[in-house]
Every structure is written in C-alpha cells, then in structure tokens.
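**Student:** Take a look at run-v4.cif, mmCIF, C-alpha atoms and all ligand atoms:
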```cif
data_query
#
loop_
_atom_site.label_atom_id
_atom_site.label_comp_id
_atom_site.auth_asym_id
_atom_site.auth_seq_id
_atom_site.Cartn_x
_atom_site.Cartn_y
_atom_site.Cartn_z
CA MET A 1 -26.64 26.36 -8.21
CA SER A 2 -23.50 24.31 -8.69
CA GLN A 3 -21.99 26.03 -5.66
CA SER A 4 -24.39 24.31 -3.33
CA ARG A 5 -23.42 20.87 -4.55
CA THR A 6 -20.97 18.81 -2.54
CA LEU A 7 -17.61 18.42 -4.25
CA VAL A 8 -16.23 14.89 -4.42
CA SER A 9 -12.65 14.26 -5.58
CA ILE A 10 -11.61 11.10 -7.38
CA VAL A 11 -7.87 10.39 -7.15
CA ILE A 12 -6.37 8.03 -9.70
CA PRO A 13 -2.66 7.07 -9.83
CA VAL A 14 -1.48 6.50 -13.36
CA TYR A 15 1.64 4.69 -14.45
CA ASN A 16 1.72 3.90 -18.15
CA GLU A 17 -2.02 3.55 -18.55
CA GLU A 18 -2.43 5.46 -21.83
CA LYS A 19 -5.08 3.15 -23.26
CA GLY A 20 -7.40 3.09 -20.27
CA LEU A 21 -7.68 6.75 -19.32
CA THR A 22 -10.51 7.76 -21.65
CA LYS A 23 -12.53 4.76 -20.62
CA ILE A 24 -12.26 5.21 -16.87
CA THR A 25 -13.07 8.91 -17.25
CA LYS A 26 -16.19 8.02 -19.22
CA ARG A 27 -17.27 5.48 -16.59
CA ILE A 28 -16.85 8.04 -13.80
CA PHE A 29 -18.86 10.64 -15.69
CA GLU A 30 -21.62 8.08 -16.18
CA VAL A 31 -21.70 7.35 -12.47
CA PHE A 32 -21.99 11.02 -11.52
CA ASP A 33 -24.71 11.56 -14.13
CA LYS A 34 -26.85 9.32 -11.96
CA ILE A 35 -26.15 11.25 -8.75
CA PRO A 36 -26.53 14.89 -9.80
CA LYS A 37 -26.52 16.17 -6.25
CA TYR A 38 -22.74 15.82 -6.22
CA ASP A 39 -20.21 17.86 -8.09
CA PHE A 40 -16.90 16.14 -8.77
CA GLU A 41 -13.33 16.57 -9.88
CA ILE A 42 -10.98 13.89 -11.11
CA VAL A 43 -7.35 14.15 -10.02
CA PHE A 44 -5.11 11.93 -12.11
CA VAL A 45 -1.59 11.55 -10.74
CA ASP A 46 0.86 10.70 -13.47
CA ASP A 47 3.56 8.74 -11.66
CA GLY A 48 6.34 9.35 -14.18
CA SER A 49 4.75 7.39 -17.03
CA TYR A 50 6.93 6.96 -20.10
CA ASP A 51 4.12 6.13 -22.48
CA ASP A 52 1.58 8.64 -23.77
CA SER A 53 -0.39 8.91 -20.50
CA LEU A 54 0.57 12.52 -19.77
CA ASN A 55 -0.46 13.71 -23.24
CA GLU A 56 -3.73 11.85 -22.83
CA LEU A 57 -4.28 13.65 -19.53
CA ILE A 58 -3.48 17.04 -21.03
CA ALA A 59 -6.01 16.37 -23.79
CA LEU A 60 -8.67 15.20 -21.31
CA ASN A 61 -8.13 18.31 -19.21
CA LYS A 62 -8.60 20.52 -22.30
CA GLU A 63 -11.87 18.74 -23.01
CA ASN A 64 -13.21 19.17 -19.52
CA PRO A 65 -11.77 21.19 -16.65
CA LYS A 66 -13.26 18.74 -14.15
CA ILE A 67 -10.43 16.44 -15.22
CA ASN A 68 -7.24 17.53 -13.49
CA TYR A 69 -3.81 16.02 -13.29
CA LEU A 70 -0.52 16.25 -11.45
CA SER A 71 2.59 14.91 -13.04
CA PHE A 72 5.58 13.63 -11.05
CA SER A 73 9.12 14.38 -12.14
CA ARG A 74 9.77 10.62 -12.14
CA ASN A 75 8.23 7.39 -10.90
CA PHE A 76 7.70 7.60 -7.13
CA GLY A 77 5.46 4.57 -6.78
CA HIS A 78 1.78 3.88 -6.39
CA GLN A 79 1.44 4.75 -2.70
CA LEU A 80 3.02 8.17 -3.05
CA ALA A 81 0.97 8.86 -6.17
CA VAL A 82 -2.19 8.29 -4.16
CA LYS A 83 -0.77 10.45 -1.35
CA ALA A 84 -0.06 13.32 -3.77
CA GLY A 85 -3.60 13.07 -5.09
CA LEU A 86 -4.99 13.25 -1.57
CA ASP A 87 -2.71 16.18 -0.73
CA ASN A 88 -3.99 18.17 -3.70
CA ALA A 89 -7.65 17.21 -3.95
CA ASN A 90 -10.26 19.81 -2.99
CA GLY A 91 -13.34 17.69 -2.34
CA MET A 92 -15.31 17.32 0.88
CA CYS A 93 -14.42 13.69 0.52
CA VAL A 94 -11.81 11.97 -1.62
CA ILE A 95 -12.11 8.59 -3.29
CA SER A 96 -8.95 6.87 -4.51
CA MET A 97 -9.07 4.15 -7.13
CA ASP A 98 -6.84 2.47 -9.70
CA ALA A 99 -6.74 3.50 -13.34
CA ASP A 100 -7.14 -0.02 -14.69
CA LEU A 101 -10.88 -0.44 -13.96
CA GLN A 102 -10.22 -3.23 -11.48
CA HIS A 103 -11.93 -0.93 -9.01
CA PRO A 104 -15.43 -0.57 -10.48
CA PRO A 105 -16.44 3.14 -10.48
CA GLU A 106 -20.06 2.12 -9.97
CA LEU A 107 -19.24 1.42 -6.32
CA ILE A 108 -18.82 5.16 -5.80
CA VAL A 109 -22.58 5.49 -5.34
CA GLU A 110 -22.61 3.11 -2.40
CA MET A 111 -19.48 4.66 -0.90
CA LEU A 112 -21.08 8.10 -0.96
CA GLN A 113 -24.22 6.71 0.65
CA LYS A 114 -22.20 5.34 3.55
CA TRP A 115 -20.35 8.64 3.82
CA GLU A 116 -23.69 10.48 4.04
CA GLU A 117 -24.68 8.08 6.79
CA GLY A 118 -21.76 9.45 8.76
CA TYR A 119 -18.82 7.13 8.17
CA ASP A 120 -15.50 8.96 7.82
CA ILE A 121 -13.73 6.18 5.99
CA VAL A 122 -15.34 3.78 3.56
CA TYR A 123 -12.81 1.14 2.52
CA THR A 124 -13.26 -1.84 0.24
CA ARG A 125 -12.39 -5.50 0.33
CA ARG A 126 -11.61 -7.40 -2.82
CA LYS A 127 -13.84 -10.45 -3.08
CA ASP A 128 -11.57 -12.70 -5.03
CA ASP A 129 -12.87 -14.60 -7.96
CA LYS A 130 -11.29 -16.02 -11.09
CA GLY A 131 -10.36 -12.48 -12.12
CA THR A 132 -7.53 -12.58 -9.60
CA SER A 133 -4.70 -15.03 -10.19
CA PHE A 134 -4.39 -18.02 -7.89
CA PHE A 135 -0.92 -16.86 -6.91
CA LYS A 136 -2.10 -13.39 -5.93
CA ARG A 137 -5.04 -14.74 -3.93
CA LYS A 138 -2.90 -17.12 -1.92
CA THR A 139 0.01 -14.78 -1.32
CA SER A 140 -2.33 -11.97 -0.35
CA ALA A 141 -4.21 -14.12 2.16
CA ALA A 142 -1.01 -15.46 3.69
CA TYR A 143 0.47 -12.00 3.83
CA TYR A 144 -2.41 -10.44 5.74
CA ARG A 145 -2.30 -13.25 8.28
CA PHE A 146 1.43 -12.72 8.71
CA LEU A 147 1.08 -8.93 8.88
CA ASN A 148 -1.67 -9.08 11.46
CA PHE A 149 0.39 -11.49 13.54
CA LEU A 150 3.47 -9.26 13.44
CA SER A 151 2.02 -5.81 13.76
CA ASP A 152 -0.29 -3.97 16.06
CA ILE A 153 -2.95 -3.15 13.51
CA GLU A 154 -5.52 -5.51 12.10
CA ILE A 155 -5.98 -5.31 8.34
CA GLU A 156 -8.75 -7.22 6.65
CA GLN A 157 -8.18 -9.76 3.90
CA GLY A 158 -8.25 -8.26 0.43
CA ALA A 159 -8.11 -4.65 1.65
CA ALA A 160 -7.55 -2.49 -1.41
CA ASP A 161 -6.40 1.04 -2.09
CA PHE A 162 -9.93 1.82 -3.22
CA ARG A 163 -11.54 3.92 -0.53
CA LEU A 164 -13.36 7.06 0.43
CA LEU A 165 -11.88 9.42 2.99
CA ASP A 166 -13.67 12.32 4.58
CA ARG A 167 -12.06 15.75 4.35
CA LYS A 168 -10.97 15.71 8.00
CA VAL A 169 -9.16 12.40 7.50
CA VAL A 170 -7.48 13.69 4.34
CA ASP A 171 -6.27 16.75 6.22
CA ILE A 172 -4.66 14.58 8.87
CA LEU A 173 -3.00 12.38 6.25
CA ARG A 174 -1.68 15.46 4.50
CA ASN A 175 0.23 16.41 7.63
CA LEU A 176 1.92 13.03 7.95
CA SER A 177 5.32 13.03 6.30
CA GLU A 178 6.03 9.34 6.55
CA ASN A 179 8.00 8.49 3.44
CA ASN A 180 7.69 4.75 3.26
CA LEU A 181 3.96 4.64 2.90
CA PHE A 182 1.59 1.79 3.46
CA LEU A 183 -1.73 3.58 3.15
CA ARG A 184 -3.86 0.56 3.96
CA GLY A 185 -2.23 0.32 7.34
CA LEU A 186 -2.10 4.05 7.95
CA VAL A 187 -5.80 4.46 7.27
CA LYS A 188 -6.64 1.59 9.60
CA TRP A 189 -4.32 3.04 12.23
CA MET A 190 -6.07 6.42 12.12
CA GLY A 191 -9.29 5.07 13.53
CA PHE A 192 -12.47 7.14 12.97
CA SER A 193 -15.64 5.39 12.00
CA GLN A 194 -14.87 3.00 9.20
CA TYR A 195 -17.11 0.93 6.99
CA GLY A 196 -16.04 -1.89 4.65
CA ILE A 197 -17.70 -2.78 1.38
CA ASP A 198 -17.02 -5.96 -0.59
CA TYR A 199 -16.51 -5.71 -4.31
CA ALA A 200 -15.80 -8.06 -7.16
CA PRO A 201 -12.73 -6.79 -8.97
CA GLY A 202 -13.00 -6.08 -12.66
CA THR A 203 -10.36 -7.41 -15.00
CA ARG A 204 -7.60 -5.13 -16.12
CA GLU A 205 -8.79 -3.95 -19.50
CA PHE A 206 -5.66 -2.37 -20.89
CA GLY A 207 -1.95 -2.55 -20.23
CA LYS A 208 -0.46 -4.85 -17.65
CA THR A 209 0.04 -4.95 -13.89
CA LYS A 210 2.78 -2.72 -12.51
CA TYR A 211 3.18 -4.75 -9.36
CA ASN A 212 5.74 -7.46 -9.95
CA VAL A 213 6.77 -9.88 -7.22
CA ARG A 214 9.64 -7.68 -6.14
CA LYS A 215 7.39 -4.65 -5.64
CA MET A 216 4.83 -6.74 -3.78
CA ILE A 217 7.47 -8.07 -1.40
CA SER A 218 8.80 -4.56 -0.88
CA LEU A 219 5.33 -3.23 -0.07
CA ALA A 220 4.78 -6.20 2.22
CA ILE A 221 7.96 -5.45 4.19
CA THR A 222 7.02 -1.77 4.40
CA GLY A 223 3.65 -2.80 5.78
CA ILE A 224 5.25 -4.81 8.55
CA THR A 225 8.07 -2.48 9.49
CA SER A 226 5.85 0.62 9.43
CA PHE A 227 3.51 -0.62 12.07
CA SER A 228 5.49 -2.70 14.45
CA THR A 229 8.82 -3.28 16.06
CA ARG A 230 7.82 -6.82 16.86
CA PRO A 231 10.32 -8.25 14.33
CA LEU A 232 13.08 -6.75 16.50
CA ARG A 233 11.64 -8.48 19.52
CA ILE A 234 11.47 -11.73 17.58
CA ALA A 235 15.11 -11.27 16.57
CA SER A 236 16.03 -11.04 20.24
CA TRP A 237 14.14 -14.22 21.00
CA ILE A 238 15.81 -16.08 18.15
CA GLY A 239 19.17 -14.89 19.46
CA LEU A 240 18.34 -15.99 22.97
CA THR A 241 17.16 -19.41 21.87
CA ALA A 242 20.23 -19.91 19.71
CA SER A 243 22.57 -19.01 22.56
CA ALA A 244 20.72 -21.38 24.87
CA ILE A 245 21.14 -24.22 22.40
CA GLY A 246 24.78 -23.29 21.89
CA PHE A 247 25.49 -23.09 25.60
CA THR A 248 23.88 -26.47 26.27
CA TYR A 249 25.92 -28.05 23.56
CA ALA A 250 29.10 -26.44 24.87
CA ILE A 251 28.52 -27.99 28.29
CA PHE A 252 27.92 -31.34 26.69
CA ALA A 253 31.12 -31.05 24.64
CA PHE A 254 33.10 -29.97 27.71
CA ILE A 255 31.90 -32.90 29.80
CA ALA A 256 32.38 -35.33 26.96
CA PHE A 257 35.95 -34.21 26.40
CA PHE A 258 37.19 -34.15 29.99
CA PHE A 259 35.13 -36.73 31.79
CA THR A 260 34.29 -39.47 29.31
CA ASP A 261 36.14 -41.57 26.77
CA LEU A 262 33.80 -40.43 24.01
CA ASN A 263 35.96 -39.49 21.11
CA LEU A 264 34.21 -36.52 19.56
CA THR A 265 35.12 -35.81 15.99
CA GLY A 266 34.99 -32.13 15.38
CA TRP A 267 34.31 -31.22 11.81
CA THR A 268 30.57 -31.85 11.44
CA SER A 269 29.52 -30.20 14.66
CA LEU A 270 31.87 -27.33 14.05
CA ILE A 271 30.62 -26.56 10.59
CA MET A 272 27.01 -26.86 11.73
CA ALA A 273 27.58 -24.43 14.55
CA VAL A 274 29.32 -21.98 12.25
CA ILE A 275 26.55 -22.06 9.67
CA PHE A 276 23.74 -21.98 12.21
CA PHE A 277 25.04 -19.05 14.21
CA GLY A 278 26.29 -17.25 11.13
CA GLY A 279 22.82 -17.49 9.61
CA ILE A 280 21.09 -16.22 12.71
CA GLN A 281 23.47 -13.31 12.99
CA LEU A 282 22.89 -12.26 9.42
CA LEU A 283 19.14 -12.61 9.79
CA THR A 284 18.93 -10.47 12.89
CA LEU A 285 21.32 -7.94 11.40
CA GLY A 286 19.07 -7.76 8.37
CA ILE A 287 16.04 -7.10 10.54
CA ILE A 288 17.86 -4.34 12.41
CA GLY A 289 19.08 -3.01 9.07
CA GLU A 290 15.53 -2.66 7.77
CA TYR A 291 14.68 -0.33 10.62
CA ILE A 292 17.91 1.64 10.38
CA GLY A 293 17.30 2.07 6.67
CA LYS A 294 13.88 3.51 7.39
CA LEU A 295 15.36 5.88 9.95
CA PHE A 296 17.98 6.99 7.46
CA MET A 297 15.45 7.73 4.74
CA GLN A 298 13.14 9.57 7.09
CA VAL A 299 15.84 11.62 8.81
CA LYS A 300 16.98 13.17 5.54
CA GLY A 301 13.60 14.83 5.36
CA ARG A 302 13.42 14.96 1.59
CA PRO A 303 10.06 15.64 0.02
CA ASN A 304 8.18 12.44 -0.67
CA TYR A 305 7.50 13.32 -4.27
CA ILE A 306 8.23 16.07 -6.77
CA ILE A 307 5.51 17.52 -8.96
CA LYS A 308 6.66 18.89 -12.30
CA LYS A 309 3.30 19.93 -13.75
CA SER A 310 -0.15 20.37 -12.34
CA THR A 311 -3.55 21.77 -13.20
CA LEU A 312 -4.32 22.26 -9.52
CA ASP A 313 -1.66 24.87 -8.85
CA ASP A 314 -3.72 27.55 -7.16
N1 LIG B 1 0.72 2.67 -10.32
C1 LIG B 1 1.41 3.85 -10.09
N2 LIG B 1 2.78 3.79 -9.89
C2 LIG B 1 3.48 2.62 -9.91
C3 LIG B 1 2.74 1.41 -10.08
C4 LIG B 1 1.37 1.47 -10.28
O1 LIG B 1 0.84 4.92 -10.09
O2 LIG B 1 4.69 2.64 -9.73
C5 LIG B 1 -0.75 2.74 -10.50
C6 LIG B 1 -1.25 2.00 -11.72
O3 LIG B 1 -1.25 2.81 -12.87
C7 LIG B 1 -2.67 1.63 -11.30
C8 LIG B 1 -2.53 1.42 -9.80
O4 LIG B 1 -1.35 2.11 -9.41
O5 LIG B 1 -3.57 2.67 -11.51
C9 LIG B 1 -2.45 -0.03 -9.40
O6 LIG B 1 -1.45 -0.69 -10.14
P1 LIG B 1 -1.68 -2.11 -10.81
O7 LIG B 1 -3.05 -2.19 -11.38
O8 LIG B 1 -0.55 -2.35 -11.75
O9 LIG B 1 -1.56 -3.07 -9.56
P2 LIG B 1 -2.40 -4.42 -9.30
O10 LIG B 1 -3.85 -4.06 -9.45
O11 LIG B 1 -1.94 -5.35 -10.34
O12 LIG B 1 -2.03 -4.80 -7.92
MG MG B 2 -4.68 -3.24 -11.02
#
```
Taking this structure as input, can you express it in the form of structure tokens?
Ligand code: UDP
Ligand code: MG
**Tutor:**
Amino acid sequence: MSQSRTLVSIVIPVYNEEKGLTKITKRIFEVFDKIPKYDFEIVFVDDGSYDDSLNELIALNKENPKINYLSFSRNFGHQLAVKAGLDNANGMCVISMDADLQHPPELIVEMLQKWEEGYDIVYTRRKDDKGTSFFKRKTSAAYYRFLNFLSDIEIEQGAADFRLLDRKVVDILRNLSENNLFLRGLVKWMGFSQYGIDYAPGTREFGKTKYNVRKMISLAITGITSFSTRPLRIASWIGLTASAIGFTYAIFAFIAFFFTDLNLTGWTSLIMAVIFFGGIQLLTLGIIGEYIGKLFMQVKGRPNYIIKKSTLDD
C-alpha cells in the first residue's frame, strides 16, 4: 500500500542546529500525519557542524529510517548544502527549508496542493513582520531592487530558499555544476510554471543566525555576478565618462596655460585627478577581478562539496 503513495523529500541544511533538530522533525511528522496520501523522507544535510548536530541526526535516523542525513567533510555553505540535498533526494518532488523553524512546515500542505495543480516550482516570499530585524528588511529590499536592476532575471522581494521543486526540475539542477550558487536566481532562471506563496516567518527558536553581514554581502555579489555581465558594461561606461571629463579638463588646462594669463596652481587639481582616476581604475579592476575569480574557481572543476557520511548511499 505504501508503494502507491507519492514520495516527497524534505531537504534541510544544518549548520550547528543541535537544539532544533528534534523539534523540526516532530513538526514535519505532524504535518504529514494530516496528509496520509503522501509518503515522505527527510534529508538533513549536515554542513560541517561542530556542535552535536551530527550525533543528533544519527540518533534520529536510528529512531526512524524516514529521517536521513548526509554529512559534509567541512562547512561548504548553505547554498551547497541545499544543492547536495537536492542531488540526493529521491522524492517525486523536493521541498527545501531551513532547520531553524523560520520556514513553517505547515506550509508544506499548501505547496503540495499547488504542485498537484500542476506547478513545477512553488516558491515562497517572506512577508516581513517584526520577526525580521529592521536592518534585514531594509537591506533585503534594497538588494533585490539593485539585483533586478543589474541582472537579467527578476527576483521577487523576500524570496526565500523555502520552495518545492518537481522531480524534473531537480534533475536539471543536479546536472548543473555551477560552483558559486545562488539558488534563488537559478530557480527563477530555469523557468517552468512557478507559483509564489507568501508566508509569515517564524522566529528562530534555537541557536543563532549563521548569516553575518559578510556572508550576506558575499551571497549578494554572487547573485549579481552569476546572472549578469552588466557590471562589466557599467565599468566601461564609468571609464568612458571619466576619460571624457579628463580630456575636457586637459583641453581647458592647455588653453589656460598657453593662451591666457591665468596662473593655474597645480597641486589641488593634480591630486584630485590622481585620486579620481586611481579610484576608478581600482573599482573597474575589482569588477573585472570578480568575474576572473569566478572563472578560476569554475575552471578547476573541483567537486562542489564532499560528503563524508550518508544514509542515502545506495
Ligand atoms: N546553514 C548551513 N550552512 C551555513 C550557514 C547556514 O547549512 O554555512 C543553514 C542553517 O543551519 C539554516 C539555514 O542554512 O538551516 C539558514 O541559515 P540561517 O537561519 O542562519 O540564516 P537566516 O535565516 O538568518 O538568513
Ligand atoms: Mg534562519
């Protein structure tokens, strides 16, 4: 009888979340109790945690074989942890969500409904409330505006890594070997029929956020450079504008020196020109460098992550 039920995989990246794992597992079991027509597996991806998360996962797996885990050899980051979960999940559809209960498991019911209606991707949008810090709300809104301006994909405000993907989408993602992942963008880029659901984020119940400002900025830059070369174009325009200004000023200086009695004193204008053009050169070099760095990392062709232990080996 259980063979005829549709298998749904739940992928959960875990980085030092020892205290929350039992609770999120319980909540997911409660959700699936209410929708008995689905069978499910949970795929926890331990992203090199150094607390007791892995032991917790081993214990949970002993309790119930529906609870599976992969364990990375070190920390590879949230995006790759989700990717590894997708690569190894067996379900007809795969739902990814965070371990900290900010993504309410109860939404799974609605996601599955939309999937049954025929949508291949059901993504979610965080409806910000007081649960999210003022800083995060503002930076996130500004970032998406900036990202959408710079790149060729359109990502909605508050898009989260809490989504359902149909098997055929997961199979395509599995074959992409992009190593600097920005899943939100990649999923949008893939097309298919997509449906967005709003949700009110829960508060993180245990542990603390793993995304500090540095990681957020790094993910933000990845998001931009993965989907557009427009920053390179902008660099060219900045260069062109700067040379135009410089050239105009040079003509002025030339005329002033040879044909007028204006006594130009040099230091201020000289130092300004040096700083201005020096700054622009470094900025554009930095932009070019970002892309070369990505090329370098990709060309080496290293695996994106290394799994040291898994209950999904077969
Ligand atoms: N996470 C991970 N690897 C990391 C950082 C985070 O697997 O290097 C996991 C983390 O355990 C959580 C999810 O990714 O399940 C989202 O992280 P977090 O809640 O810290 O981010 P926030 O919600 O604060 O943006
Ligand atoms: Mg969180």
**Student:** Would you mind telling me which residue in A:Val31, A:Leu107, A:Val213, A:Leu270 lies nearest to ligand LIG 1 (chain B) when using only C-alpha atoms and all ligand atoms?
**Tutor:**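 That would be A:Val213, the residue with the smallest distance to ligand LIG 1 (chain B).
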**Student:** Let me make sure I understand: among A:Ile217, A:Val122, A:Val45, A:Ile224, which one has the smallest atom-to-atom distance to Phe72 of chain A if we use all atoms listed in the file?
**Tutor:**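 Between A:Ile217, A:Val122, A:Val45, A:Ile224, the residue approaching Phe72 of chain A most closely is A:Val45.
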**Student:** Which of these, A:Asn212, A:Asn179, A:Asn68, A:Ser218, has the shortest distance to ligand MG 2 (chain B) once you count only C-alpha atoms and all ligand atoms?
**Tutor:**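 Closest to ligand MG 2 (chain B), using only C-alpha atoms and all ligand atoms: A:Asn212.
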**Student:** With only C-alpha atoms as the counted atoms, please give the residues lying no more than 12 Å from Tyr249 of chain A, apart from itself and same-chain residues fewer than 6 positions off, as a PyMOL selection string.
**Tutor:** chain A and resi 242-243+255-256+269-270+272-273
**Student:** Got a sec: who's within 12 Å of Ile172 of chain A, counting only C-alpha atoms, leaving out chain neighbours fewer than 2 positions off, as a PyMOL selection string?
**Tutor:** chain A and resi 83+86-87+165-170+174-177+186-187+190-192
**Student:** Quick one, how far is atom CA of Asp100 of chain A from atom O5 of ligand LIG 1 (chain B)?
**Tutor:** 5.5 Å
**Student:** Identify, counting all atoms listed in the file, the protein, DNA and RNA residues located within 10 Å of ligand LIG 1 (chain B), and give them as a PDB file with C-alpha atoms, keeping the file's coordinate frame.
**Tutor:**
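Generated output (selection-v3.pdb):
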```
ATOM      1  CA  VAL A  11      -7.870  10.390  -7.150  1.00  0.00           C
ATOM      2  CA  ILE A  12      -6.370   8.030  -9.700  1.00  0.00           C
ATOM      3  CA  PRO A  13      -2.660   7.070  -9.830  1.00  0.00           C
ATOM      4  CA  VAL A  14      -1.480   6.500 -13.360  1.00  0.00           C
ATOM      5  CA  TYR A  15       1.640   4.690 -14.450  1.00  0.00           C
ATOM      6  CA  ASN A  16       1.720   3.900 -18.150  1.00  0.00           C
ATOM      7  CA  GLU A  17      -2.020   3.550 -18.550  1.00  0.00           C
ATOM      8  CA  GLU A  18      -2.430   5.460 -21.830  1.00  0.00           C
ATOM      9  CA  GLY A  20      -7.400   3.090 -20.270  1.00  0.00           C
ATOM     10  CA  LEU A  21      -7.680   6.750 -19.320  1.00  0.00           C
ATOM     11  CA  PHE A  44      -5.110  11.930 -12.110  1.00  0.00           C
ATOM     12  CA  VAL A  45      -1.590  11.550 -10.740  1.00  0.00           C
ATOM     13  CA  ASP A  46       0.860  10.700 -13.470  1.00  0.00           C
ATOM     14  CA  ASP A  47       3.560   8.740 -11.660  1.00  0.00           C
ATOM     15  CA  GLY A  48       6.340   9.350 -14.180  1.00  0.00           C
ATOM     16  CA  SER A  49       4.750   7.390 -17.030  1.00  0.00           C
ATOM     17  CA  SER A  53      -0.390   8.910 -20.500  1.00  0.00           C
ATOM     18  CA  PHE A  72       5.580  13.630 -11.050  1.00  0.00           C
ATOM     19  CA  ARG A  74       9.770  10.620 -12.140  1.00  0.00           C
ATOM     20  CA  ASN A  75       8.230   7.390 -10.900  1.00  0.00           C
ATOM     21  CA  PHE A  76       7.700   7.600  -7.130  1.00  0.00           C
ATOM     22  CA  GLY A  77       5.460   4.570  -6.780  1.00  0.00           C
ATOM     23  CA  HIS A  78       1.780   3.880  -6.390  1.00  0.00           C
ATOM     24  CA  GLN A  79       1.440   4.750  -2.700  1.00  0.00           C
ATOM     25  CA  LEU A  80       3.020   8.170  -3.050  1.00  0.00           C
ATOM     26  CA  ALA A  81       0.970   8.860  -6.170  1.00  0.00           C
ATOM     27  CA  VAL A  82      -2.190   8.290  -4.160  1.00  0.00           C
ATOM     28  CA  SER A  96      -8.950   6.870  -4.510  1.00  0.00           C
ATOM     29  CA  MET A  97      -9.070   4.150  -7.130  1.00  0.00           C
ATOM     30  CA  ASP A  98      -6.840   2.470  -9.700  1.00  0.00           C
ATOM     31  CA  ALA A  99      -6.740   3.500 -13.340  1.00  0.00           C
ATOM     32  CA  ASP A 100      -7.140  -0.020 -14.690  1.00  0.00           C
ATOM     33  CA  LEU A 101     -10.880  -0.440 -13.960  1.00  0.00           C
ATOM     34  CA  GLN A 102     -10.220  -3.230 -11.480  1.00  0.00           C
ATOM     35  CA  HIS A 103     -11.930  -0.930  -9.010  1.00  0.00           C
ATOM     36  CA  THR A 132      -7.530 -12.580  -9.600  1.00  0.00           C
ATOM     37  CA  LYS A 136      -2.100 -13.390  -5.930  1.00  0.00           C
ATOM     38  CA  ALA A 160      -7.550  -2.490  -1.410  1.00  0.00           C
ATOM     39  CA  ASP A 161      -6.400   1.040  -2.090  1.00  0.00           C
ATOM     40  CA  PHE A 162      -9.930   1.820  -3.220  1.00  0.00           C
ATOM     41  CA  PRO A 201     -12.730  -6.790  -8.970  1.00  0.00           C
ATOM     42  CA  GLY A 202     -13.000  -6.080 -12.660  1.00  0.00           C
ATOM     43  CA  THR A 203     -10.360  -7.410 -15.000  1.00  0.00           C
ATOM     44  CA  ARG A 204      -7.600  -5.130 -16.120  1.00  0.00           C
ATOM     45  CA  PHE A 206      -5.660  -2.370 -20.890  1.00  0.00           C
ATOM     46  CA  GLY A 207      -1.950  -2.550 -20.230  1.00  0.00           C
ATOM     47  CA  LYS A 208      -0.460  -4.850 -17.650  1.00  0.00           C
ATOM     48  CA  THR A 209       0.040  -4.950 -13.890  1.00  0.00           C
ATOM     49  CA  LYS A 210       2.780  -2.720 -12.510  1.00  0.00           C
ATOM     50  CA  TYR A 211       3.180  -4.750  -9.360  1.00  0.00           C
ATOM     51  CA  ASN A 212       5.740  -7.460  -9.950  1.00  0.00           C
ATOM     52  CA  LYS A 215       7.390  -4.650  -5.640  1.00  0.00           C
ATOM     53  CA  MET A 216       4.830  -6.740  -3.780  1.00  0.00           C
TER      54      MET A 216
END
```
**Student:** Output as lines of an AutoDock Vina configuration file the centre and edge lengths (Å, one decimal) of the box along x, y and z of the file that holds every listed atom of segment 225-230 of chain A after adding 3 Å on each side.
**Tutor:**
```
center_x = 6.2
center_y = -3.1
center_z = 13.1
size_x = 11.3
size_y = 13.4
size_z = 13.4
```
**Student:** What does the distance between atom CA of Ile95 of chain A and atom CA of Gln298 of chain A come to in Å, to one decimal place?
**Tutor:**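 Straight-line distance from atom CA of Ile95 of chain A to atom CA of Gln298 of chain A works out to 27.3 Å.
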**Student:** Calculate how many Å separate atom CA of Tyr119 of chain A from atom CA of Leu312 of chain A, rounding to one decimal.
**Tutor:**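 These atoms are spaced 27.4 Å apart.
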**Student:** Which one is closest to ligand MG 2 (chain B): A:Arg126, A:Ala253, A:Tyr69, A:Lys114? Count all atoms listed in the file.
**Tutor:**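 When distances to ligand MG 2 (chain B) are compared using all atoms listed in the file, the smallest one comes from A:Arg126.
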**Student:** Using only C-alpha atoms and all ligand atoms, which of the listed residues (A:Ser133, A:Ser193, A:Thr139, A:Ser228) sits closest to ligand MG 2 (chain B)?
**Tutor:**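 Checking each candidate against ligand MG 2 (chain B), we get A:Ser133 as the closest.
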**Student:** Would you mind telling me which residue in A:Asp261, A:Glu205, A:Glu56, A:Glu110 lies nearest to ligand MG 2 (chain B) when using only C-alpha atoms and all ligand atoms?
**Tutor:** A:Glu205
**Student:** Dump as a PyMOL selection string all residues having an atom at most 9 Å from (5.4, -7.0, 14.3), computed in the file's coordinates with only C-alpha atoms.
**Tutor:** chain A and resi 146-152+224-225+227-234
**Student:** Since we have the selection now, will you write its residues out, keeping C-alpha atoms, as a PDB file, keeping the file's coordinate frame?
**Tutor:**
```
ATOM      1  CA  PHE A 146       1.430 -12.720   8.710  1.00  0.00           C
ATOM      2  CA  LEU A 147       1.080  -8.930   8.880  1.00  0.00           C
ATOM      3  CA  ASN A 148      -1.670  -9.080  11.460  1.00  0.00           C
ATOM      4  CA  PHE A 149       0.390 -11.490  13.540  1.00  0.00           C
ATOM      5  CA  LEU A 150       3.470  -9.260  13.440  1.00  0.00           C
ATOM      6  CA  SER A 151       2.020  -5.810  13.760  1.00  0.00           C
ATOM      7  CA  ASP A 152      -0.290  -3.970  16.060  1.00  0.00           C
ATOM      8  CA  ILE A 224       5.250  -4.810   8.550  1.00  0.00           C
ATOM      9  CA  THR A 225       8.070  -2.480   9.490  1.00  0.00           C
ATOM     10  CA  PHE A 227       3.510  -0.620  12.070  1.00  0.00           C
ATOM     11  CA  SER A 228       5.490  -2.700  14.450  1.00  0.00           C
ATOM     12  CA  THR A 229       8.820  -3.280  16.060  1.00  0.00           C
ATOM     13  CA  ARG A 230       7.820  -6.820  16.860  1.00  0.00           C
ATOM     14  CA  PRO A 231      10.320  -8.250  14.330  1.00  0.00           C
ATOM     15  CA  LEU A 232      13.080  -6.750  16.500  1.00  0.00           C
ATOM     16  CA  ARG A 233      11.640  -8.480  19.520  1.00  0.00           C
ATOM     17  CA  ILE A 234      11.470 -11.730  17.580  1.00  0.00           C
TER      18      ILE A 234
END
```
**Student:** Please provide the set of residues having any atom within 12 Å of Phe29 of chain A, restricted to only C-alpha atoms, with same-chain residues fewer than 6 positions apart removed, written as a compact mmCIF listing (two decimals) with C-alpha atoms, keeping the file's coordinate frame.
**Tutor:**
```txt
# COMPACT_ATOMS: atom_id res chain seq x y z
CA ILE A 10 -11.61 11.10 -7.38
CA THR A 22 -10.51 7.76 -21.65
CA LYS A 23 -12.53 4.76 -20.62
CA ILE A 35 -26.15 11.25 -8.75
CA PRO A 36 -26.53 14.89 -9.80
CA TYR A 38 -22.74 15.82 -6.22
CA ASP A 39 -20.21 17.86 -8.09
CA PHE A 40 -16.90 16.14 -8.77
CA GLU A 41 -13.33 16.57 -9.88
CA ILE A 42 -10.98 13.89 -11.11
CA ASN A 64 -13.21 19.17 -19.52
CA LYS A 66 -13.26 18.74 -14.15
CA ILE A 67 -10.43 16.44 -15.22
CA PRO A 105 -16.44 3.14 -10.48
CA GLU A 106 -20.06 2.12 -9.97
CA ILE A 108 -18.82 5.16 -5.80
```
